[in-house]
Structures are given as C-alpha cells and as structure tokens.
Amino acid sequence: MSSKPTAKARPTPDAPVVVIGDAIVTELQETEARGGLTRRSYVSGSALNVTMALARLGVPVALIASIGDDPDGLRIRDHLRKRGIQFAPSVSLAGTGRAVGEPADGEPLYTFDDAARARRIRFDDEQVALIRAAPFVAISGFAFDDKKQHRRLLEAVIRPQERLLLDPNPRLGLVEDPGAFLDNFERHVSSALFAHLSDNDADLLFEAPLDEATSDMLDLGATHVLATEGTRGGRWVNRAGIDVAEPIVELPGEIVDTMGAGDAVFATAVASIAQGGVPHEAADARRVLQRAMTVAAATVRVTGSFLAADDDLPPAADA
C-alpha cells in the first residue's frame, strides 16, 4: 500500500508547501508570419512556474524568491496576489531579474541580465518561519553556487529526508560557478526525499548520461529520483528498488513550445507527494509518472511556461 501523509503533514493555507527559487520577468522575441519580430513579456522563473502549477493542481503553496523594488517586482507581486498565493520575497537592490528569449526550435535561447544572476534570498525570520512550518519544501532555480545561500538553506530546512524536494534546473548564463553548483547541490541531494533531473541537467551538471547521473544521485543518498528525457518520457527510481518508466502523453492539439515542461513535471511530482505521499509500490510510481507526463503534455500545448486556465488541464491529471 502507498504511504499517506498524516493530517499534520498535509499542506494547508496556514502551513503550505514552500517553493524556493527564482521569480523573474521574461521578454520573448517572436517571429511573425511576415518575418518581423514582436516582443511580449510575462512573469516567469522556474520557482514561480512550479508555484503556479502547484496552485493550479490544488496544493496550498507559498513562494520565496528574490525580486526588486521596481515595476517588474510589483508585477510579480500582483500576479501572485491575484491568484491568492502567499509570497515572502527578499527585496534585491539589484532589481528584479529579466531574461530575453530569442526564437529557436522548441524552447527559446535565453540571455539573463545582471539582476537575474545576482538573485539572492536572505532567509529572514518570515521566510524561515514559513520553511519550518511547511510539510514539504521544493527547490527550483536556486543559486546553489553561492556558498552563503547554500549554507542558509541547509540551516533552514530541518528533517530534509522527510521534506526536501529538489530540482537543480541549472541554466546557461545563470550558473556562474558550475563546480560549486554541483558540489553544493550534491550536499542537498544526499539528504533529499526526492529529486528531479532532466537529460539537460545531467549533461550540464554531471557531464554524464541521464541514467548515470540518476544512479549517482541515488548513491549520494536521494530517496526518490524522477528522471526525464524530453520526448522519451520519464523514469521513477528509488533506493528501495522501484524502477518504472512512462512515455510522453499524446494529447489533441499542436505543441506550441516546450517552455515550462520540466517545471510542470516537477510540480506534478511535488503535488502527488504532498497530496498522497511518496510511492512505495511500482504501480503508485507509475501513476505519478503518468500524471506528470499528462500535465507536461498540456503545458507544451499552451503559450507560456505554466498552465493558465482550467480548460488547459486534462481531467486525468486532476486525479
């Protein structure tokens, strides 16, 4: 039978799942049918995407991220406030981070500004109180290559074996010290309940094939790992011997872009763990994978990096 979280461990509005990472504004350059370029901007960042997806999946959630005291920061605050999502920001003198995406196949190529690279979280009293009360803490788009931030995260998340859910989500142009990023990420993986790793992450961080990097994370101490490989789908493995795989899900409609697909997979796994516990049987892990693949398939069929409307989410993904 599956392990179910106790009533105390279930997320509530007073003790939500806490997501820690990045919240930025992305400006996307798009090619028009006549060959010209248009620009549109939207709130984004992997942690914000995960937060939005968790809320969309019915999980009480709060976001901790770095923003500036500027119009982009106000835009992010308003975006979250209108959706009833709690936000505990660190206000950065560098301002709110911005990314510019240029057209490419699937996902744009991004350039990040100085503010995005300087994102830092202070872990103040309000943020630490949120983290301590949270049944689960999800990390995505975090500056693991910053020694001070890495140490503060270690101090803030008590009982990580029961609560810590990781997605390294390194991005070219954001990771300033890949060696330090990997070393500090591995320190957190060694005591994590769950980690998500994509084939791109494996290549950038571990410089190894996804299967090898997945085994490395289990050897380091991660209890559960979800490995995703684009069009080849996903694989759930754990230290108890579960090893199941699921292909991508085919849905009606054209694929618009692949932005946010990995964030959707991670968020769906986090939601499944928060709502029903970690899988202890292969059949349970398979159901989590199927749900994650379905949500990701819906995400790539809408414009932007997160599910924006009720009709975007297939009924099967709500289960």
# chains A, B, ... in the order shown; residues from 1 in each chain; ligands from 1
$ residues_around --residues "Ala55 of chain A" --least-positions-apart "5" --cutoff "9 Å" --atoms "only C-alpha atoms" --output "mmCIF file with N, CA and C atoms, in the first residue's frame"
data_model
loop_
_atom_site.group_PDB
_atom_site.id
_atom_site.type_symbol
_atom_site.label_atom_id
_atom_site.label_comp_id
_atom_site.auth_asym_id
_atom_site.auth_seq_id
_atom_site.Cartn_x
_atom_site.Cartn_y
_atom_site.Cartn_z
ATOM 1 N N VAL A 50 6.701 26.616 -10.932
ATOM 2 C CA VAL A 50 6.338 25.494 -10.070
ATOM 3 C C VAL A 50 5.241 25.911 -9.089
ATOM 4 N N PRO A 60 -2.034 24.014 -1.493
ATOM 5 C CA PRO A 60 -1.683 25.272 -0.837
ATOM 6 C C PRO A 60 -0.175 25.505 -0.929
ATOM 7 N N VAL A 61 0.224 26.692 -1.389
ATOM 8 C CA VAL A 61 1.633 26.904 -1.705
ATOM 9 C C VAL A 61 2.019 28.344 -1.407
ATOM 10 N N ARG A 83 -3.916 35.657 -7.526
ATOM 11 C CA ARG A 83 -4.186 34.221 -7.517
ATOM 12 C C ARG A 83 -4.182 33.640 -6.112
ATOM 13 N N GLY A 84 -4.116 34.522 -5.113
ATOM 14 C CA GLY A 84 -4.205 34.089 -3.734
ATOM 15 C C GLY A 84 -3.011 33.299 -3.250
ATOM 16 N N ILE A 85 -1.848 33.551 -3.838
ATOM 17 C CA ILE A 85 -0.640 32.802 -3.478
ATOM 18 C C ILE A 85 0.222 33.632 -2.546
#
$ closest_atom_pairs --of "segment 129-155 of chain A" --to "segment 108-124 of chain A" --cutoff "8 Å" --atoms "only C-alpha atoms" --output "JSON lines"
{"residue": "A:Ala143", "atom": "CA", "partner": "A:Arg120", "partner_atom": "CA", "distance": 7.4}
{"residue": "A:Gln149", "atom": "CA", "partner": "A:Ile121", "partner_atom": "CA", "distance": 6.9}
{"residue": "A:Arg152", "atom": "CA", "partner": "A:Phe123", "partner_atom": "CA", "distance": 6.9}
{"residue": "A:Leu153", "atom": "CA", "partner": "A:Phe123", "partner_atom": "CA", "distance": 7.8}
$ closest_residue --among "A:Glu229, A:Asp219, A:Asp125, A:Asp167" --to "His196 of chain A" --atoms "only C-alpha atoms"
A:Asp167
$ closest_residue --among "A:Ile67, A:Arg287, A:Gly45, A:Ala227" --to "Pro209 of chain A" --atoms "only C-alpha atoms"
A:Ala227
$ closest_residue --among "A:Val137, A:Gln290, A:Gly253, A:Ser66" --to "Thr268 of chain A" --atoms "only C-alpha atoms"
A:Gln290
$ atom_distance --atom1 "atom CA of Asp70 of chain A" --atom2 "atom CA of Ile24 of chain A"
11.9 Å
$ select_by_dssp --residues "segment 154-277 of chain A" --states "strand (DSSP E)" --output "count of residues only"
23
$ closest_residue --among "A:Asp177, A:Glu281, A:Asp72, A:Asp22" --to "Leu204 of chain A" --atoms "only C-alpha atoms"
A:Asp177
$ residues_around --residues "Ile139 of chain A" --least-positions-apart "6" --cutoff "8 Å" --atoms "only C-alpha atoms" --output "PDB file with all heavy atoms, in the first residue's frame"
ATOM      1  N   VAL A  19       7.921  26.881  -1.906  1.00  0.00           N
ATOM      2  CA  VAL A  19       8.802  26.796  -3.067  1.00  0.00           C
ATOM      3  C   VAL A  19       9.853  27.904  -2.944  1.00  0.00           C
ATOM      4  O   VAL A  19       9.514  29.057  -2.685  1.00  0.00           O
ATOM      5  CB  VAL A  19       8.023  26.956  -4.386  1.00  0.00           C
ATOM      6  CG1 VAL A  19       8.970  26.853  -5.582  1.00  0.00           C
ATOM      7  CG2 VAL A  19       6.923  25.893  -4.486  1.00  0.00           C
ATOM      8  N   ILE A  20      11.114  27.539  -3.128  1.00  0.00           N
ATOM      9  CA  ILE A  20      12.221  28.492  -3.016  1.00  0.00           C
ATOM     10  C   ILE A  20      12.996  28.499  -4.334  1.00  0.00           C
ATOM     11  O   ILE A  20      13.389  27.432  -4.825  1.00  0.00           O
ATOM     12  CB  ILE A  20      13.167  28.120  -1.864  1.00  0.00           C
ATOM     13  CG1 ILE A  20      12.405  27.999  -0.547  1.00  0.00           C
ATOM     14  CG2 ILE A  20      14.290  29.137  -1.732  1.00  0.00           C
ATOM     15  CD1 ILE A  20      13.255  27.480   0.604  1.00  0.00           C
ATOM     16  N   GLY A  21      13.217  29.697  -4.878  1.00  0.00           N
ATOM     17  CA  GLY A  21      13.982  29.778  -6.123  1.00  0.00           C
ATOM     18  C   GLY A  21      13.839  31.118  -6.789  1.00  0.00           C
ATOM     19  O   GLY A  21      13.862  32.157  -6.128  1.00  0.00           O
ATOM     20  N   ALA A  47      10.953  28.659 -10.236  1.00  0.00           N
ATOM     21  CA  ALA A  47      10.245  28.532  -8.957  1.00  0.00           C
ATOM     22  C   ALA A  47       8.836  29.113  -9.051  1.00  0.00           C
ATOM     23  O   ALA A  47       7.881  28.544  -8.514  1.00  0.00           O
ATOM     24  CB  ALA A  47      11.028  29.230  -7.841  1.00  0.00           C
ATOM     25  N   LEU A 164      12.436  17.586   1.857  1.00  0.00           N
ATOM     26  CA  LEU A 164      13.143  18.338   0.824  1.00  0.00           C
ATOM     27  C   LEU A 164      12.951  17.709  -0.557  1.00  0.00           C
ATOM     28  O   LEU A 164      13.261  16.538  -0.775  1.00  0.00           O
ATOM     29  CB  LEU A 164      14.632  18.409   1.156  1.00  0.00           C
ATOM     30  CG  LEU A 164      15.499  19.253   0.214  1.00  0.00           C
ATOM     31  CD1 LEU A 164      15.012  20.699   0.171  1.00  0.00           C
ATOM     32  CD2 LEU A 164      16.960  19.185   0.641  1.00  0.00           C
ATOM     33  N   LEU A 165      12.462  18.535  -1.492  1.00  0.00           N
ATOM     34  CA  LEU A 165      12.179  18.111  -2.862  1.00  0.00           C
ATOM     35  C   LEU A 165      12.976  19.019  -3.786  1.00  0.00           C
ATOM     36  O   LEU A 165      12.805  20.244  -3.762  1.00  0.00           O
ATOM     37  CB  LEU A 165      10.678  18.218  -3.154  1.00  0.00           C
ATOM     38  CG  LEU A 165       9.746  17.690  -2.042  1.00  0.00           C
ATOM     39  CD1 LEU A 165       8.296  18.045  -2.342  1.00  0.00           C
ATOM     40  CD2 LEU A 165       9.909  16.191  -1.868  1.00  0.00           C
ATOM     41  N   LEU A 166      13.847  18.463  -4.627  1.00  0.00           N
ATOM     42  CA  LEU A 166      14.840  19.253  -5.358  1.00  0.00           C
ATOM     43  C   LEU A 166      14.692  19.152  -6.873  1.00  0.00           C
ATOM     44  O   LEU A 166      14.420  18.075  -7.412  1.00  0.00           O
ATOM     45  CB  LEU A 166      16.250  18.767  -5.005  1.00  0.00           C
ATOM     46  CG  LEU A 166      16.781  18.989  -3.597  1.00  0.00           C
ATOM     47  CD1 LEU A 166      18.141  18.321  -3.463  1.00  0.00           C
ATOM     48  CD2 LEU A 166      16.886  20.472  -3.294  1.00  0.00           C
ATOM     49  N   ASP A 167      14.905  20.276  -7.527  1.00  0.00           N
ATOM     50  CA  ASP A 167      15.100  20.320  -8.974  1.00  0.00           C
ATOM     51  C   ASP A 167      16.236  21.311  -9.216  1.00  0.00           C
ATOM     52  O   ASP A 167      16.054  22.509  -9.001  1.00  0.00           O
ATOM     53  CB  ASP A 167      13.824  20.779  -9.677  1.00  0.00           C
ATOM     54  CG  ASP A 167      13.921  20.642 -11.194  1.00  0.00           C
ATOM     55  OD1 ASP A 167      15.052  20.563 -11.711  1.00  0.00           O
ATOM     56  OD2 ASP A 167      12.864  20.627 -11.861  1.00  0.00           O
ATOM     57  N   PRO A 168      17.404  20.859  -9.657  1.00  0.00           N
ATOM     58  CA  PRO A 168      18.537  21.786  -9.799  1.00  0.00           C
ATOM     59  C   PRO A 168      18.274  22.857 -10.856  1.00  0.00           C
ATOM     60  O   PRO A 168      18.648  24.000 -10.680  1.00  0.00           O
ATOM     61  CB  PRO A 168      19.700  20.881 -10.189  1.00  0.00           C
ATOM     62  CG  PRO A 168      19.049  19.690 -10.822  1.00  0.00           C
ATOM     63  CD  PRO A 168      17.773  19.491 -10.051  1.00  0.00           C
TER      64      PRO A 168
END
$ closest_residue --among "A:Thr228, A:Thr223, A:Ser191, A:Asn169" --to "Ala296 of chain A" --atoms "only C-alpha atoms"
A:Thr228
$ atom_distance --atom1 "atom CA of Asn200 of chain A" --atom2 "atom CA of Arg171 of chain A"
9.4 Å
$ closest_residue --among "A:Ala297, A:Met217, A:Ala283, A:Val100" --to "Ala195 of chain A" --atoms "only C-alpha atoms"
A:Met217
$ atom_distance --atom1 "atom CA of Met293 of chain A" --atom2 "atom CA of Ile248 of chain A"
5.6 Å
$ select_by_dssp --residues "segment 1-104 of chain A" --states "alpha helix (DSSP H)" --output "PyMOL selection string"
chain A and resi 46-56+71-82
